file target-v5.cif (mmCIF, N, CA and C atoms)
data_my_file
#
loop_
_atom_site.label_atom_id
_atom_site.label_comp_id
_atom_site.auth_asym_id
_atom_site.auth_seq_id
_atom_site.Cartn_x
_atom_site.Cartn_y
_atom_site.Cartn_z
N MET S 1 118.02 103.92 103.69
CA MET S 1 118.37 102.84 102.77
C MET S 1 119.67 103.22 102.10
N ASN S 2 120.65 102.31 102.12
CA ASN S 2 121.91 102.62 101.48
C ASN S 2 121.87 102.27 100.00
N GLY S 3 122.87 102.72 99.25
CA GLY S 3 122.88 102.55 97.80
C GLY S 3 123.01 101.13 97.32
N THR S 4 123.53 100.23 98.15
CA THR S 4 123.73 98.86 97.71
C THR S 4 122.53 97.97 98.01
N GLN S 5 121.60 98.45 98.79
CA GLN S 5 120.45 97.63 99.17
C GLN S 5 119.30 97.93 98.21
N ASP S 6 118.76 96.90 97.55
CA ASP S 6 117.67 97.18 96.61
C ASP S 6 116.34 97.30 97.34
N LEU S 7 115.34 97.76 96.61
CA LEU S 7 114.04 98.06 97.22
C LEU S 7 113.35 96.82 97.78
N SER S 8 113.53 95.67 97.15
CA SER S 8 112.88 94.46 97.65
C SER S 8 113.44 94.06 99.00
N GLU S 9 114.76 94.15 99.17
CA GLU S 9 115.36 93.83 100.45
C GLU S 9 114.89 94.81 101.52
N TYR S 10 114.82 96.08 101.16
CA TYR S 10 114.38 97.10 102.11
C TYR S 10 112.95 96.83 102.57
N ALA S 11 112.08 96.51 101.63
CA ALA S 11 110.67 96.28 101.97
C ALA S 11 110.51 95.10 102.90
N VAL S 12 111.30 94.05 102.68
CA VAL S 12 111.18 92.85 103.50
C VAL S 12 111.82 93.08 104.88
N GLU S 13 112.94 93.80 104.94
CA GLU S 13 113.66 93.98 106.19
C GLU S 13 113.07 95.08 107.09
N HIS S 14 112.26 95.98 106.54
CA HIS S 14 111.75 97.11 107.31
C HIS S 14 110.22 97.19 107.23
N PRO S 15 109.53 96.14 107.65
CA PRO S 15 108.08 96.13 107.48
C PRO S 15 107.31 97.10 108.39
N GLN S 16 107.90 97.62 109.46
CA GLN S 16 107.16 98.46 110.40
C GLN S 16 107.66 99.90 110.46
N GLU S 17 108.50 100.35 109.53
CA GLU S 17 109.07 101.69 109.61
C GLU S 17 108.03 102.79 109.53
N ASP S 18 107.09 102.70 108.63
CA ASP S 18 106.04 103.70 108.44
C ASP S 18 104.77 102.93 108.16
N SER S 19 103.69 103.33 108.77
CA SER S 19 102.47 102.53 108.68
C SER S 19 101.92 102.41 107.27
N SER S 20 102.15 103.37 106.38
CA SER S 20 101.59 103.29 105.03
C SER S 20 102.62 102.87 104.00
N GLU S 21 103.85 103.34 104.09
CA GLU S 21 104.85 103.04 103.08
C GLU S 21 105.20 101.56 102.97
N PRO S 22 105.44 100.85 104.07
CA PRO S 22 105.81 99.45 103.93
C PRO S 22 104.74 98.61 103.23
N ALA S 23 103.50 98.85 103.55
CA ALA S 23 102.43 98.08 102.91
C ALA S 23 102.41 98.36 101.42
N ALA S 24 102.58 99.61 101.04
CA ALA S 24 102.62 99.97 99.62
C ALA S 24 103.85 99.37 98.95
N MET S 25 104.98 99.43 99.64
CA MET S 25 106.22 98.88 99.08
C MET S 25 106.11 97.37 98.93
N GLN S 26 105.56 96.71 99.94
CA GLN S 26 105.41 95.26 99.85
C GLN S 26 104.46 94.89 98.72
N SER S 27 103.43 95.68 98.51
CA SER S 27 102.53 95.41 97.39
C SER S 27 103.25 95.56 96.06
N LEU S 28 104.08 96.59 95.94
CA LEU S 28 104.86 96.78 94.71
C LEU S 28 105.82 95.62 94.49
N VAL S 29 106.49 95.19 95.56
CA VAL S 29 107.44 94.08 95.44
C VAL S 29 106.72 92.81 95.02
N ARG S 30 105.61 92.51 95.66
CA ARG S 30 104.86 91.30 95.30
C ARG S 30 104.35 91.38 93.86
N ALA S 31 103.89 92.55 93.45
CA ALA S 31 103.42 92.72 92.07
C ALA S 31 104.57 92.54 91.09
N ALA S 32 105.73 93.09 91.43
CA ALA S 32 106.90 92.95 90.56
C ALA S 32 107.35 91.49 90.49
N ILE S 33 107.32 90.79 91.62
CA ILE S 33 107.68 89.36 91.62
C ILE S 33 106.69 88.60 90.74
N GLY S 34 105.42 88.96 90.81
CA GLY S 34 104.41 88.31 90.00
C GLY S 34 104.63 88.48 88.50
N GLN S 35 105.37 89.51 88.12
CA GLN S 35 105.67 89.76 86.71
C GLN S 35 106.93 89.06 86.24
N LEU S 36 107.66 88.44 87.15
CA LEU S 36 108.89 87.73 86.76
C LEU S 36 108.54 86.49 85.95
N PRO S 37 109.48 86.04 85.11
CA PRO S 37 109.27 84.76 84.41
C PRO S 37 109.05 83.64 85.42
N ASP S 38 108.29 82.63 85.03
CA ASP S 38 107.97 81.52 85.93
C ASP S 38 109.21 80.86 86.54
N THR S 39 110.30 80.87 85.80
CA THR S 39 111.55 80.27 86.29
C THR S 39 111.99 80.88 87.61
N TYR S 40 111.69 82.16 87.81
CA TYR S 40 112.15 82.88 89.00
C TYR S 40 111.04 83.18 90.01
N LYS S 41 109.81 83.21 89.56
CA LYS S 41 108.69 83.68 90.38
C LYS S 41 108.56 82.90 91.70
N LYS S 42 108.41 81.58 91.63
CA LYS S 42 108.20 80.78 92.83
C LYS S 42 109.41 80.85 93.76
N ILE S 43 110.59 80.79 93.19
CA ILE S 43 111.81 80.83 94.01
C ILE S 43 111.93 82.17 94.72
N MET S 44 111.60 83.26 94.02
CA MET S 44 111.68 84.58 94.65
C MET S 44 110.64 84.74 95.75
N LEU S 45 109.45 84.21 95.55
CA LEU S 45 108.44 84.27 96.60
C LEU S 45 108.89 83.49 97.83
N LEU S 46 109.44 82.31 97.60
CA LEU S 46 109.90 81.49 98.72
C LEU S 46 111.05 82.17 99.47
N ARG S 47 111.94 82.81 98.74
CA ARG S 47 113.11 83.43 99.36
C ARG S 47 112.79 84.81 99.95
N GLU S 48 112.20 85.70 99.17
CA GLU S 48 112.03 87.08 99.59
C GLU S 48 110.77 87.31 100.43
N VAL S 49 109.71 86.57 100.18
CA VAL S 49 108.48 86.77 100.95
C VAL S 49 108.42 85.81 102.13
N ASP S 50 108.62 84.52 101.86
CA ASP S 50 108.56 83.52 102.93
C ASP S 50 109.85 83.42 103.72
N ARG S 51 110.94 84.01 103.17
CA ARG S 51 112.26 84.04 103.84
C ARG S 51 112.82 82.65 104.13
N LEU S 52 112.57 81.71 103.24
CA LEU S 52 113.10 80.35 103.41
C LEU S 52 114.57 80.31 103.05
N PRO S 53 115.34 79.46 103.73
CA PRO S 53 116.75 79.28 103.36
C PRO S 53 116.85 78.50 102.05
N TYR S 54 117.98 78.63 101.40
CA TYR S 54 118.20 78.00 100.10
C TYR S 54 117.94 76.49 100.13
N ASP S 55 118.39 75.82 101.19
CA ASP S 55 118.23 74.36 101.22
C ASP S 55 116.76 73.95 101.28
N GLN S 56 115.93 74.71 101.98
CA GLN S 56 114.50 74.39 102.02
C GLN S 56 113.82 74.69 100.68
N ILE S 57 114.27 75.75 100.02
CA ILE S 57 113.73 76.05 98.69
C ILE S 57 114.09 74.92 97.73
N ALA S 58 115.31 74.42 97.85
CA ALA S 58 115.76 73.31 96.99
C ALA S 58 114.87 72.08 97.21
N VAL S 59 114.55 71.78 98.44
CA VAL S 59 113.69 70.64 98.75
C VAL S 59 112.30 70.85 98.15
N GLN S 60 111.74 72.03 98.34
CA GLN S 60 110.38 72.31 97.86
C GLN S 60 110.28 72.32 96.34
N THR S 61 111.34 72.76 95.66
CA THR S 61 111.29 72.86 94.21
C THR S 61 111.90 71.66 93.50
N GLY S 62 112.66 70.85 94.24
CA GLY S 62 113.33 69.71 93.62
C GLY S 62 114.56 70.09 92.81
N LEU S 63 115.05 71.31 93.03
CA LEU S 63 116.23 71.80 92.31
C LEU S 63 117.47 71.70 93.20
N PRO S 64 118.64 71.57 92.60
CA PRO S 64 119.87 71.62 93.39
C PRO S 64 120.04 72.99 94.05
N VAL S 65 120.70 73.03 95.21
CA VAL S 65 120.90 74.28 95.94
C VAL S 65 121.62 75.30 95.06
N GLY S 66 122.60 74.89 94.28
CA GLY S 66 123.32 75.81 93.40
C GLY S 66 122.40 76.47 92.38
N THR S 67 121.46 75.72 91.86
CA THR S 67 120.49 76.26 90.91
C THR S 67 119.57 77.26 91.59
N VAL S 68 119.16 76.93 92.81
CA VAL S 68 118.32 77.85 93.58
C VAL S 68 119.06 79.17 93.79
N LYS S 69 120.30 79.10 94.24
CA LYS S 69 121.08 80.31 94.48
C LYS S 69 121.23 81.14 93.21
N SER S 70 121.49 80.47 92.11
CA SER S 70 121.64 81.16 90.83
C SER S 70 120.35 81.85 90.42
N ARG S 71 119.23 81.15 90.57
CA ARG S 71 117.94 81.73 90.19
C ARG S 71 117.53 82.87 91.11
N VAL S 72 117.86 82.77 92.39
CA VAL S 72 117.58 83.87 93.31
C VAL S 72 118.40 85.09 92.88
N ASN S 73 119.66 84.87 92.56
CA ASN S 73 120.52 85.97 92.15
C ASN S 73 119.99 86.64 90.87
N ARG S 74 119.64 85.84 89.88
CA ARG S 74 119.10 86.39 88.63
C ARG S 74 117.73 87.02 88.85
N GLY S 75 116.92 86.39 89.68
CA GLY S 75 115.60 86.94 90.00
C GLY S 75 115.70 88.28 90.69
N ARG S 76 116.66 88.41 91.60
CA ARG S 76 116.87 89.69 92.28
C ARG S 76 117.28 90.77 91.29
N ALA S 77 118.13 90.41 90.36
CA ALA S 77 118.56 91.39 89.35
C ALA S 77 117.37 91.85 88.50
N LEU S 78 116.52 90.91 88.09
CA LEU S 78 115.33 91.27 87.32
C LEU S 78 114.36 92.11 88.16
N LEU S 79 114.19 91.72 89.41
CA LEU S 79 113.30 92.44 90.32
C LEU S 79 113.82 93.86 90.55
N HIS S 80 115.11 93.98 90.71
CA HIS S 80 115.73 95.29 90.92
C HIS S 80 115.42 96.21 89.74
N LYS S 81 115.56 95.70 88.52
CA LYS S 81 115.27 96.49 87.32
C LYS S 81 113.80 96.89 87.28
N LYS S 82 112.91 95.94 87.59
CA LYS S 82 111.48 96.23 87.56
C LYS S 82 111.11 97.30 88.59
N LEU S 83 111.65 97.18 89.80
CA LEU S 83 111.32 98.13 90.85
C LEU S 83 111.87 99.52 90.55
N HIS S 84 113.05 99.58 89.98
CA HIS S 84 113.60 100.89 89.62
C HIS S 84 112.82 101.51 88.47
N SER S 85 112.34 100.70 87.57
CA SER S 85 111.50 101.20 86.48
C SER S 85 110.20 101.77 87.04
N ILE S 86 109.60 101.06 87.98
CA ILE S 86 108.37 101.54 88.62
C ILE S 86 108.65 102.84 89.37
N ARG S 87 109.74 102.87 90.12
CA ARG S 87 110.10 104.07 90.88
C ARG S 87 110.30 105.26 89.94
N ASP S 88 110.97 105.03 88.82
CA ASP S 88 111.21 106.12 87.87
C ASP S 88 109.91 106.63 87.27
N GLN S 89 108.94 105.75 87.06
CA GLN S 89 107.65 106.16 86.53
C GLN S 89 106.85 106.96 87.55
N LEU S 90 107.02 106.65 88.83
CA LEU S 90 106.27 107.33 89.88
C LEU S 90 106.89 108.64 90.32
N THR S 91 108.19 108.78 90.08
CA THR S 91 108.91 109.98 90.51
C THR S 91 108.85 111.04 89.42
N PRO S 92 108.40 112.25 89.78
CA PRO S 92 108.30 113.32 88.76
C PRO S 92 109.64 113.77 88.27
#

call {"tool": "encode", "arguments": {"input": "target-v5.cif", "output": "structure tokens"}}
result
Amino acid sequence: MNGTQDLSEYAVEHPQEDSSEPAAMQSLVRAAIGQLPDTYKKIMLLREVDRLPYDQIAVQTGLPVGTVKSRVNRGRALLHKKLHSIRDQLTP
């Protein structure tokens, strides 16, 4: 994993790398998404878990594509902070 790729992207893009780690990582990512404010939660699930394109998320949520992109960006930033906080707590 390179320094610019956050943990949520890694978990979604590498689901079969190790039989135990990806499942644990995906659980952490889903739990962290579940802790996001409602404004970002559904959009992040649609984008990061369901891997829907922005235009389909816009249709499903009734939001403009620009708003969807903005919320995904802000949601990723919040998710990144949450995952790093979890990682720091787990790392001795």

call {"tool": "residues_near_point", "arguments": {"input": "target-v5.cif", "point": "(114.9, 86.9, 94.9)", "cutoff": "6 Å", "atoms": "all atoms listed in the file", "output": "MDAnalysis selection string"}}
result
chainID S and resid 43:44 47:48 72:73 75:76

call {"tool": "residues_around", "arguments": {"input": "target-v5.cif", "residues": "Asp55 of chain S", "least_positions_apart": "2", "cutoff": "8 Å", "atoms": "only N, CA and C atoms", "output": "number ranges by chain"}}
result
S: 52-53, 57-61, 64-65, 68-69

call {"tool": "resolve_selection", "arguments": {"input": "target-v5.cif", "expression": "the PyMOL selection byres (((chain S and resi 31-40 and name CA) around 8) and name CA)", "output": "list in words"}}
result
Ser27, Leu28, Val29, Arg30, Lys41, Lys42, Ile43, Met44, Leu45, Arg71, Val72, Arg74, Gly75, Leu78, Leu79, Lys82 and Leu83 of chain S

call {"tool": "axis_aligned_box", "arguments": {"input": "target-v5.cif", "around": "segment 57-71 of chain S", "padding_each_side": "5 Å", "output": "JSON"}}
result
{"center_x": 116.8, "center_y": 76.3, "center_z": 95.1, "size_x": 23.0, "size_y": 23.2, "size_z": 19.8}

call {"tool": "atom_distance", "arguments": {"input": "target-v5.cif", "atom1": "atom CA of Gln26 of chain S", "atom2": "atom CA of Leu46 of chain S"}}
result
14.5 Å

call {"tool": "atom_distance", "arguments": {"input": "target-v5.cif", "atom1": "atom N of Pro22 of chain S", "atom2": "atom C of Leu90 of chain S"}}
result
15.9 Å

call {"tool": "atom_distance", "arguments": {"input": "target-v5.cif", "atom1": "atom CA of Lys81 of chain S", "atom2": "atom C of Ala23 of chain S"}}
result
19.2 Å

call {"tool": "select_by_dssp", "arguments": {"input": "target-v5.cif", "residues": "segment 10-87 of chain S", "states": "alpha helix (DSSP H)", "output": "short mmCIF file (atom, residue, chain, number, x, y, z; two decimals) with N, CA and C atoms, keeping the file's coordinate frame"}}
result
data_model
loop_
_atom_site.label_atom_id
_atom_site.label_comp_id
_atom_site.auth_asym_id
_atom_site.auth_seq_id
_atom_site.Cartn_x
_atom_site.Cartn_y
_atom_site.Cartn_z
N TYR S 10 114.82 96.08 101.16
CA TYR S 10 114.38 97.10 102.11
C TYR S 10 112.95 96.83 102.57
N ALA S 11 112.08 96.51 101.63
CA ALA S 11 110.67 96.28 101.97
C ALA S 11 110.51 95.10 102.90
N VAL S 12 111.30 94.05 102.68
CA VAL S 12 111.18 92.85 103.50
C VAL S 12 111.82 93.08 104.88
N GLU S 13 112.94 93.80 104.94
CA GLU S 13 113.66 93.98 106.19
C GLU S 13 113.07 95.08 107.09
N GLU S 21 103.85 103.34 104.09
CA GLU S 21 104.85 103.04 103.08
C GLU S 21 105.20 101.56 102.97
N PRO S 22 105.44 100.85 104.07
CA PRO S 22 105.81 99.45 103.93
C PRO S 22 104.74 98.61 103.23
N ALA S 23 103.50 98.85 103.55
CA ALA S 23 102.43 98.08 102.91
C ALA S 23 102.41 98.36 101.42
N ALA S 24 102.58 99.61 101.04
CA ALA S 24 102.62 99.97 99.62
C ALA S 24 103.85 99.37 98.95
N MET S 25 104.98 99.43 99.64
CA MET S 25 106.22 98.88 99.08
C MET S 25 106.11 97.37 98.93
N GLN S 26 105.56 96.71 99.94
CA GLN S 26 105.41 95.26 99.85
C GLN S 26 104.46 94.89 98.72
N SER S 27 103.43 95.68 98.51
CA SER S 27 102.53 95.41 97.39
C SER S 27 103.25 95.56 96.06
N LEU S 28 104.08 96.59 95.94
CA LEU S 28 104.86 96.78 94.71
C LEU S 28 105.82 95.62 94.49
N VAL S 29 106.49 95.19 95.56
CA VAL S 29 107.44 94.08 95.44
C VAL S 29 106.72 92.81 95.02
N ARG S 30 105.61 92.51 95.66
CA ARG S 30 104.86 91.30 95.30
C ARG S 30 104.35 91.38 93.86
N ALA S 31 103.89 92.55 93.45
CA ALA S 31 103.42 92.72 92.07
C ALA S 31 104.57 92.54 91.09
N ALA S 32 105.73 93.09 91.43
CA ALA S 32 106.90 92.95 90.56
C ALA S 32 107.35 91.49 90.49
N ILE S 33 107.32 90.79 91.62
CA ILE S 33 107.68 89.36 91.62
C ILE S 33 106.69 88.60 90.74
N GLY S 34 105.42 88.96 90.81
CA GLY S 34 104.41 88.31 90.00
C GLY S 34 104.63 88.48 88.50
N ASP S 38 108.29 82.63 85.03
CA ASP S 38 107.97 81.52 85.93
C ASP S 38 109.21 80.86 86.54
N THR S 39 110.30 80.87 85.80
CA THR S 39 111.55 80.27 86.29
C THR S 39 111.99 80.88 87.61
N TYR S 40 111.69 82.16 87.81
CA TYR S 40 112.15 82.88 89.00
C TYR S 40 111.04 83.18 90.01
N LYS S 41 109.81 83.21 89.56
CA LYS S 41 108.69 83.68 90.38
C LYS S 41 108.56 82.90 91.70
N LYS S 42 108.41 81.58 91.63
CA LYS S 42 108.20 80.78 92.83
C LYS S 42 109.41 80.85 93.76
N ILE S 43 110.59 80.79 93.19
CA ILE S 43 111.81 80.83 94.01
C ILE S 43 111.93 82.17 94.72
N MET S 44 111.60 83.26 94.02
CA MET S 44 111.68 84.58 94.65
C MET S 44 110.64 84.74 95.75
N TYR S 54 117.98 78.63 101.40
CA TYR S 54 118.20 78.00 100.10
C TYR S 54 117.94 76.49 100.13
N ASP S 55 118.39 75.82 101.19
CA ASP S 55 118.23 74.36 101.22
C ASP S 55 116.76 73.95 101.28
N GLN S 56 115.93 74.71 101.98
CA GLN S 56 114.50 74.39 102.02
C GLN S 56 113.82 74.69 100.68
N ILE S 57 114.27 75.75 100.02
CA ILE S 57 113.73 76.05 98.69
C ILE S 57 114.09 74.92 97.73
N ALA S 58 115.31 74.42 97.85
CA ALA S 58 115.76 73.31 96.99
C ALA S 58 114.87 72.08 97.21
N VAL S 59 114.55 71.78 98.44
CA VAL S 59 113.69 70.64 98.75
C VAL S 59 112.30 70.85 98.15
N GLN S 60 111.74 72.03 98.34
CA GLN S 60 110.38 72.31 97.86
C GLN S 60 110.28 72.32 96.34
N THR S 61 111.34 72.76 95.66
CA THR S 61 111.29 72.86 94.21
C THR S 61 111.90 71.66 93.50
N VAL S 65 120.70 73.03 95.21
CA VAL S 65 120.90 74.28 95.94
C VAL S 65 121.62 75.30 95.06
N GLY S 66 122.60 74.89 94.28
CA GLY S 66 123.32 75.81 93.40
C GLY S 66 122.40 76.47 92.38
N THR S 67 121.46 75.72 91.86
CA THR S 67 120.49 76.26 90.91
C THR S 67 119.57 77.26 91.59
N VAL S 68 119.16 76.93 92.81
CA VAL S 68 118.32 77.85 93.58
C VAL S 68 119.06 79.17 93.79
N LYS S 69 120.30 79.10 94.24
CA LYS S 69 121.08 80.31 94.48
C LYS S 69 121.23 81.14 93.21
N SER S 70 121.49 80.47 92.11
CA SER S 70 121.64 81.16 90.83
C SER S 70 120.35 81.85 90.42
N ARG S 71 119.23 81.15 90.57
CA ARG S 71 117.94 81.73 90.19
C ARG S 71 117.53 82.87 91.11
N VAL S 72 117.86 82.77 92.39
CA VAL S 72 117.58 83.87 93.31
C VAL S 72 118.40 85.09 92.88
N ASN S 73 119.66 84.87 92.56
CA ASN S 73 120.52 85.97 92.15
C ASN S 73 119.99 86.64 90.87
N ARG S 74 119.64 85.84 89.88
CA ARG S 74 119.10 86.39 88.63
C ARG S 74 117.73 87.02 88.85
N GLY S 75 116.92 86.39 89.68
CA GLY S 75 115.60 86.94 90.00
C GLY S 75 115.70 88.28 90.69
N ARG S 76 116.66 88.41 91.60
CA ARG S 76 116.87 89.69 92.28
C ARG S 76 117.28 90.77 91.29
N ALA S 77 118.13 90.41 90.36
CA ALA S 77 118.56 91.39 89.35
C ALA S 77 117.37 91.85 88.50
N LEU S 78 116.52 90.91 88.09
CA LEU S 78 115.33 91.27 87.32
C LEU S 78 114.36 92.11 88.16
N LEU S 79 114.19 91.72 89.41
CA LEU S 79 113.30 92.44 90.32
C LEU S 79 113.82 93.86 90.55
N HIS S 80 115.11 93.98 90.71
CA HIS S 80 115.73 95.29 90.92
C HIS S 80 115.42 96.21 89.74
N LYS S 81 115.56 95.70 88.52
CA LYS S 81 115.27 96.49 87.32
C LYS S 81 113.80 96.89 87.28
N LYS S 82 112.91 95.94 87.59
CA LYS S 82 111.48 96.23 87.56
C LYS S 82 111.11 97.30 88.59
N LEU S 83 111.65 97.18 89.80
CA LEU S 83 111.32 98.13 90.85
C LEU S 83 111.87 99.52 90.55
N HIS S 84 113.05 99.58 89.98
CA HIS S 84 113.60 100.89 89.62
C HIS S 84 112.82 101.51 88.47
N SER S 85 112.34 100.70 87.57
CA SER S 85 111.50 101.20 86.48
C SER S 85 110.20 101.77 87.04
N ILE S 86 109.60 101.06 87.98
CA ILE S 86 108.37 101.54 88.62
C ILE S 86 108.65 102.84 89.37
N ARG S 87 109.74 102.87 90.12
CA ARG S 87 110.10 104.07 90.88
C ARG S 87 110.30 105.26 89.94
#
